[in-house]
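Chemist: Could you have a look at this structure, given as structure tokens, before my questions?
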Amino acid sequence: MLILGSRKIEFRNAPESAGREVIRVSTAHNRPQPLRSTEAFLFEGGAPPEGYRWYIVSEKTEIPDSISGKPSIIVPETFEYLADGDVVRIAPQSNELRAIYRRSSSHNSFLVTERCNHYCLMCSQPPRNVDDDWIYDEILSALPLIDPDTSYLCFTGGEPTILGDRFLKLVQASKSFLPRTSLMVLTNGRTFSDDRFSEKLGKVAHPDLMLGIPLYSDLAHIHDYVVQSDGAYDETIRGIINLKRHGVPVEIRVVLHKETIPRLPQLAQFIARNLLFADHVALMGLEMTGFTKANLDKLWIDPGDYKNELKEAVGILDRARMRVSIYNSQLCLTDPAIWRFTKRSISDWKQEYMAECDGCSVMDQCAGFFASAKFRYSDKITPVPEAGINAS
Ligand code: SF4
């Protein structure tokens, strides 16, 4: 039995053959029989339909006789969010159930691997050199189960392209099963310094693909220091160029911290002069997770103290007619002249506001804070009075 805090998940009447599997959750009473035999019915009361492979029942619910002899998964209240169309991974042997896709979320991400060839100072998902090839198989199993009307999906890591041609197969499968879904891939871009690999990705011709690639300085040694890997800068720049040559959209991502801020305007100039063909530039506030906490002394700079550098960088990119956005920023710490570039980028479930925000007139436009920001955040937070709105 798996203990999640004080919570328990319990499998009952599991078929002997049952192992780890990826399965779609359904609440439909009229689901065609062949689909029922591969899905899990989420019991919400009433008479449950026959023929589902699994029945998911809340521990609060009295289990009806019609389910009690069937393969069932008893879940604690913490799984109340489960809903029709979600996709879960189950492992009866270890009493595990985990939602890997939630149909109601607009921020579904798949971690493709924990392995990475970078060791970034502010990595939010510290890499581990482990054999996690099973994740690839799991994602391939999940893609056909995902609602084809899903607007957005993200592949992240680790470094997804470490999978080589299997990464390309994931993109191909996404295109085949989810042709209307925007696909974002977060990659350090180095694998694409191999022009043939870039060409192969271009030939997949995914209809709505974007590669998010970090670039931390106009100077190679600063970028290589931030990602803790010699030679990274040259390969990343070559990767960006190769990708664009083969028609793959690229978003350049810059995380804003003490190592990147001093030359942010110079980096903006470098991008505007040399990478003008990039499709988007995202300037991103720091998230207090992973290695960031351990390296906070090296990284922390109060956003209120880099207002000028951010404004200058945005101005350079905007005048070059590049698409530029500011993510994870607080409006009161950002020059009103560039408020129009800010996005409410923090996922709902991570987004918070501080007590200092009480009474702020632009709260509904402000990205707010990551829940993790309580660890360290600006002491310059100042609610914006009603008149402040006009400043933008
Ligand atoms: S005070 Fe207003 S602008 Fe500042 S962080 Fe809070 S909500 Fe955002």
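Residues are referred to by chain and number: the chain letter is A, B, ... according to the order shown in the structure tokens, the number counts from 1 in that chain, and ligands are numbered separately from 1 in the order shown.
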Please give the complete set of residues from range 111-335 of chain A that DSSP, run on the backbone, assigns to helix (DSSP H, G or I), formatted as a PyMOL selection string.

Modeler: chain A and resi 133-145+160-163+165-177+190-193+195-204+220-227+232-245+264-274+291-294+296-299+303-305+307-319+331-333

Chemist: Which chain A residues have any atom within 12 Å of an atom of ligand 1, and for each, what is the nearest pair of atoms with distance in Å to one decimal, counting only C-alpha atoms and all ligand atoms, rows sorted by chain and number, as a Markdown table?

Modeler:
| residue | atom | partner | partner_atom_place_in_ligand_line | distance |
| --- | --- | --- | --- | --- |
| A:Pro303 | CA | ligand 1 | 5 (S) | 10.7 |
| A:Gly304 | CA | ligand 1 | 4 (Fe) | 10.4 |
| A:Asn328 | CA | ligand 1 | 5 (S) | 10.1 |
| A:Ser329 | CA | ligand 1 | 5 (S) | 7.9 |
| A:Gln330 | CA | ligand 1 | 5 (S) | 4.4 |
| A:Leu331 | CA | ligand 1 | 3 (S) | 4.1 |
| A:Cys332 | CA | ligand 1 | 3 (S) | 4.0 |
| A:Leu333 | CA | ligand 1 | 4 (Fe) | 6.6 |
| A:Thr334 | CA | ligand 1 | 3 (S) | 8.5 |
| A:Asp335 | CA | ligand 1 | 3 (S) | 10.9 |
| A:Pro336 | CA | ligand 1 | 3 (S) | 10.4 |
| A:Trp339 | CA | ligand 1 | 3 (S) | 10.3 |
| A:Thr342 | CA | ligand 1 | 8 (Fe) | 11.3 |
| A:Lys343 | CA | ligand 1 | 8 (Fe) | 11.8 |
| A:Arg344 | CA | ligand 1 | 8 (Fe) | 10.3 |
| A:Gln351 | CA | ligand 1 | 7 (S) | 11.1 |
| A:Glu352 | CA | ligand 1 | 7 (S) | 9.2 |
| A:Tyr353 | CA | ligand 1 | 6 (Fe) | 5.9 |
| A:Met354 | CA | ligand 1 | 6 (Fe) | 6.4 |
| A:Ala355 | CA | ligand 1 | 6 (Fe) | 8.2 |
| A:Glu356 | CA | ligand 1 | 1 (S) | 6.2 |
| A:Cys357 | CA | ligand 1 | 6 (Fe) | 3.8 |
| A:Asp358 | CA | ligand 1 | 1 (S) | 7.0 |
| A:Gly359 | CA | ligand 1 | 1 (S) | 7.9 |
| A:Cys360 | CA | ligand 1 | 2 (Fe) | 4.6 |
| A:Ser361 | CA | ligand 1 | 2 (Fe) | 6.7 |
| A:Val362 | CA | ligand 1 | 2 (Fe) | 5.6 |
| A:Met363 | CA | ligand 1 | 7 (S) | 3.8 |
| A:Asp364 | CA | ligand 1 | 7 (S) | 7.3 |
| A:Gln365 | CA | ligand 1 | 8 (Fe) | 7.8 |
| A:Cys366 | CA | ligand 1 | 8 (Fe) | 4.7 |
| A:Ala367 | CA | ligand 1 | 8 (Fe) | 6.6 |
| A:Gly368 | CA | ligand 1 | 8 (Fe) | 5.1 |
| A:Phe369 | CA | ligand 1 | 5 (S) | 7.2 |
| A:Phe370 | CA | ligand 1 | 5 (S) | 11.0 |
| A:Ala373 | CA | ligand 1 | 5 (S) | 11.3 |
| A:Tyr377 | CA | ligand 1 | 5 (S) | 9.9 |
| A:Ser378 | CA | ligand 1 | 5 (S) | 9.1 |
| A:Asp379 | CA | ligand 1 | 5 (S) | 10.4 |
| A:Lys380 | CA | ligand 1 | 4 (Fe) | 8.5 |
| A:Ile381 | CA | ligand 1 | 4 (Fe) | 5.1 |
| A:Thr382 | CA | ligand 1 | 1 (S) | 4.8 |
| A:Pro383 | CA | ligand 1 | 1 (S) | 3.6 |
| A:Val384 | CA | ligand 1 | 2 (Fe) | 5.6 |
| A:Pro385 | CA | ligand 1 | 2 (Fe) | 8.9 |
| A:Glu386 | CA | ligand 1 | 2 (Fe) | 10.8 |
| A:Gly388 | CA | ligand 1 | 3 (S) | 9.9 |
| A:Ile389 | CA | ligand 1 | 3 (S) | 10.1 |

Chemist: Find the residues near Gln172 in chain A: any atom within 12 Å, counting only C-alpha atoms, skip ones fewer than 5 places away on the same chain, and give them as number ranges by chain.

Modeler: A: 140, 143, 165-167, 177-179, 183, 200-209

Chemist: Those same residues - N, CA and C atoms - I'd like them written as a short mmCIF file (atom, residue, chain, number, x, y, z; two decimals), in the first residue's frame.

Modeler:
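Below is the file result04.cif, written as the result:
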data_model
loop_
_atom_site.label_atom_id
_atom_site.label_comp_id
_atom_site.auth_asym_id
_atom_site.auth_seq_id
_atom_site.Cartn_x
_atom_site.Cartn_y
_atom_site.Cartn_z
N LEU A 140 4.68 7.69 -25.18
CA LEU A 140 4.13 7.14 -26.43
C LEU A 140 2.77 6.49 -26.20
N LEU A 143 0.07 9.57 -25.51
CA LEU A 143 -0.32 10.52 -26.56
C LEU A 143 -1.64 10.16 -27.26
N ASP A 165 16.99 9.89 -31.89
CA ASP A 165 15.89 9.68 -32.84
C ASP A 165 14.57 9.38 -32.13
N ARG A 166 14.64 8.86 -30.91
CA ARG A 166 13.37 8.61 -30.18
C ARG A 166 12.68 9.93 -29.83
N PHE A 167 13.46 10.99 -29.63
CA PHE A 167 12.85 12.31 -29.43
C PHE A 167 12.07 12.70 -30.69
N PHE A 177 -1.13 12.18 -33.46
CA PHE A 177 -2.29 12.01 -32.59
C PHE A 177 -2.92 13.35 -32.17
N LEU A 178 -2.12 14.42 -32.16
CA LEU A 178 -2.60 15.71 -31.65
C LEU A 178 -2.25 16.83 -32.63
N PRO A 179 -2.75 16.75 -33.85
CA PRO A 179 -2.33 17.72 -34.87
C PRO A 179 -2.78 19.15 -34.59
N LEU A 183 2.84 22.38 -29.57
CA LEU A 183 3.85 21.60 -28.84
C LEU A 183 5.07 22.48 -28.55
N LYS A 200 16.21 16.55 -39.73
CA LYS A 200 15.20 15.50 -39.46
C LYS A 200 14.00 16.08 -38.73
N LEU A 201 14.26 16.98 -37.77
CA LEU A 201 13.13 17.57 -37.03
C LEU A 201 12.31 18.45 -37.99
N GLY A 202 12.99 19.20 -38.84
CA GLY A 202 12.28 20.02 -39.82
C GLY A 202 11.38 19.17 -40.70
N LYS A 203 11.88 17.98 -41.06
CA LYS A 203 11.10 17.11 -41.97
C LYS A 203 9.88 16.50 -41.29
N VAL A 204 9.87 16.47 -39.95
CA VAL A 204 8.65 16.01 -39.26
C VAL A 204 7.50 16.95 -39.59
N ALA A 205 7.86 18.22 -39.81
CA ALA A 205 6.85 19.23 -40.22
C ALA A 205 5.67 19.27 -39.25
N HIS A 206 5.96 19.32 -37.97
CA HIS A 206 4.88 19.49 -36.99
C HIS A 206 4.19 20.83 -37.26
N PRO A 207 2.85 20.86 -37.27
CA PRO A 207 2.17 22.10 -37.67
C PRO A 207 2.26 23.24 -36.66
N ASP A 208 2.56 22.94 -35.39
CA ASP A 208 2.57 24.01 -34.38
C ASP A 208 3.61 23.67 -33.30
N LEU A 209 4.85 23.71 -33.70
CA LEU A 209 5.96 23.34 -32.80
C LEU A 209 6.77 24.59 -32.47
#

Chemist: With a distance cut-off of 6 Å and only C-alpha atoms, select the neighbouring residues of Pro214 in chain A, excluding the residue or stretch itself and same-chain residues fewer than 6 positions from it, and output the selection as number ranges by chain.

Modeler: A: 252-254

Chemist: Could you save those same residues with N, CA and C atoms as a PDB file, in the first residue's frame?

Modeler:
ATOM      1  N   ILE A 252      13.782  32.116 -27.921  1.00  0.00           N
ATOM      2  CA  ILE A 252      14.980  32.285 -27.087  1.00  0.00           C
ATOM      3  C   ILE A 252      14.523  32.663 -25.691  1.00  0.00           C
ATOM      4  N   ARG A 253      15.024  31.934 -24.693  1.00  0.00           N
ATOM      5  CA  ARG A 253      14.596  32.149 -23.304  1.00  0.00           C
ATOM      6  C   ARG A 253      15.771  32.655 -22.466  1.00  0.00           C
ATOM      7  N   VAL A 254      15.551  33.739 -21.766  1.00  0.00           N
ATOM      8  CA  VAL A 254      16.586  34.305 -20.904  1.00  0.00           C
ATOM      9  C   VAL A 254      16.040  34.352 -19.475  1.00  0.00           C
TER      10      VAL A 254
END

Chemist: Please provide the set of residues having any atom within 7 Å of Pro76 in chain A, restricted to only C-alpha atoms, with same-chain residues fewer than 3 positions apart removed, written as a PyMOL selection string.

Modeler: chain A and resi 7-9+58-59+79

Chemist: Grab the residues selected above and save them as a CSV table (one decimal), in the first residue's frame with C-alpha atoms.

Modeler:
chain,number,residue,atom,x,y,z
A,7,ARG,CA,-3.2,9.0,2.4
A,8,LYS,CA,-3.4,5.5,0.9
A,9,ILE,CA,-4.1,4.1,-2.5
A,58,SER,CA,-13.0,7.6,-3.7
A,59,GLU,CA,-12.3,6.3,-0.2
A,79,PHE,CA,-7.5,12.7,-6.0

Chemist: Enumerate the residues of range 25-170 of chain A with a DSSP assignment of strand (DSSP E or B), computed from the backbone, and present them as a PyMOL selection string.

Modeler: chain A and resi 25-26+40-42+54-58+72-75+87-91+96-101+108-111+152-156

Chemist: Keeping only C-alpha atoms, write those residues as a PDB file, in the first residue's frame.

Modeler:
ATOM      1  CA  VAL A  25     -10.132   7.982 -17.111  1.00  0.00           C
ATOM      2  CA  SER A  26     -13.773   8.015 -18.185  1.00  0.00           C
ATOM      3  CA  ALA A  40     -10.740   3.294 -15.923  1.00  0.00           C
ATOM      4  CA  PHE A  41     -14.254   4.335 -14.935  1.00  0.00           C
ATOM      5  CA  LEU A  42     -14.375   7.116 -12.362  1.00  0.00           C
ATOM      6  CA  TRP A  54     -10.678  -0.546 -13.779  1.00  0.00           C
ATOM      7  CA  TYR A  55     -13.034   1.318 -11.460  1.00  0.00           C
ATOM      8  CA  ILE A  56     -11.672   4.296  -9.525  1.00  0.00           C
ATOM      9  CA  VAL A  57     -13.576   4.951  -6.296  1.00  0.00           C
ATOM     10  CA  SER A  58     -13.026   7.611  -3.657  1.00  0.00           C
ATOM     11  CA  SER A  72     -10.791  -1.272  -8.548  1.00  0.00           C
ATOM     12  CA  ILE A  73      -8.572   1.496  -7.241  1.00  0.00           C
ATOM     13  CA  ILE A  74      -9.547   3.155  -3.979  1.00  0.00           C
ATOM     14  CA  VAL A  75      -8.159   6.687  -3.887  1.00  0.00           C
ATOM     15  CA  VAL A  87      -4.734  10.112 -18.255  1.00  0.00           C
ATOM     16  CA  VAL A  88      -3.138   8.312 -15.336  1.00  0.00           C
ATOM     17  CA  ARG A  89      -0.260   5.949 -14.745  1.00  0.00           C
ATOM     18  CA  ILE A  90      -1.119   3.063 -12.447  1.00  0.00           C
ATOM     19  CA  ALA A  91       1.144   0.453 -10.860  1.00  0.00           C
ATOM     20  CA  GLU A  96       0.630   3.903  -7.297  1.00  0.00           C
ATOM     21  CA  LEU A  97      -1.669   6.162  -9.284  1.00  0.00           C
ATOM     22  CA  ARG A  98      -0.410   9.402 -10.781  1.00  0.00           C
ATOM     23  CA  ALA A  99      -2.168  11.801 -13.145  1.00  0.00           C
ATOM     24  CA  ILE A 100       0.160  12.458 -16.071  1.00  0.00           C
ATOM     25  CA  TYR A 101      -2.314  14.548 -18.117  1.00  0.00           C
ATOM     26  CA  ASN A 108       0.311  19.894 -19.326  1.00  0.00           C
ATOM     27  CA  SER A 109       3.994  18.925 -19.417  1.00  0.00           C
ATOM     28  CA  PHE A 110       5.777  15.640 -19.939  1.00  0.00           C
ATOM     29  CA  LEU A 111       9.223  15.232 -18.455  1.00  0.00           C
ATOM     30  CA  TYR A 152      -0.941  23.026 -25.485  1.00  0.00           C
ATOM     31  CA  LEU A 153       1.540  20.361 -24.495  1.00  0.00           C
ATOM     32  CA  CYS A 154       5.153  20.666 -23.387  1.00  0.00           C
ATOM     33  CA  PHE A 155       8.082  18.227 -23.526  1.00  0.00           C
ATOM     34  CA  THR A 156      10.706  19.055 -20.969  1.00  0.00           C
TER      35      THR A 156
END

Chemist: In Å, rounded to a single decimal, give me how far CA of Ser174 in chain A is from CA of Met210 in chain A.

Modeler: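 Spanning CA of Met210 in chain A to CA of Ser174 in chain A is a straight-line distance of 12.8 Å.
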
Chemist: Smallest atom-to-atom distance to Met322 in chain A: which of A:Ala337, A:Gln269, A:Pro127, A:Lys307, using only C-alpha atoms?

Modeler: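 Comparing A:Ala337, A:Gln269, A:Pro127, A:Lys307 against Met322 in chain A, the winner is A:Gln269.
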
Chemist: Could you tell me which of A:Leu296, A:Leu168, A:Ala14, A:Leu264 comes closest to Lys70 in chain A if we count only C-alpha atoms?

Modeler: A:Ala14

Chemist: Tell me which of A:Cys116, A:Leu310, A:Ala320, A:Ala371 sits closest to Phe341 in chain A, counting only C-alpha atoms.

Modeler: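 Between A:Cys116, A:Leu310, A:Ala320, A:Ala371, the residue approaching Phe341 in chain A most closely is A:Leu310.
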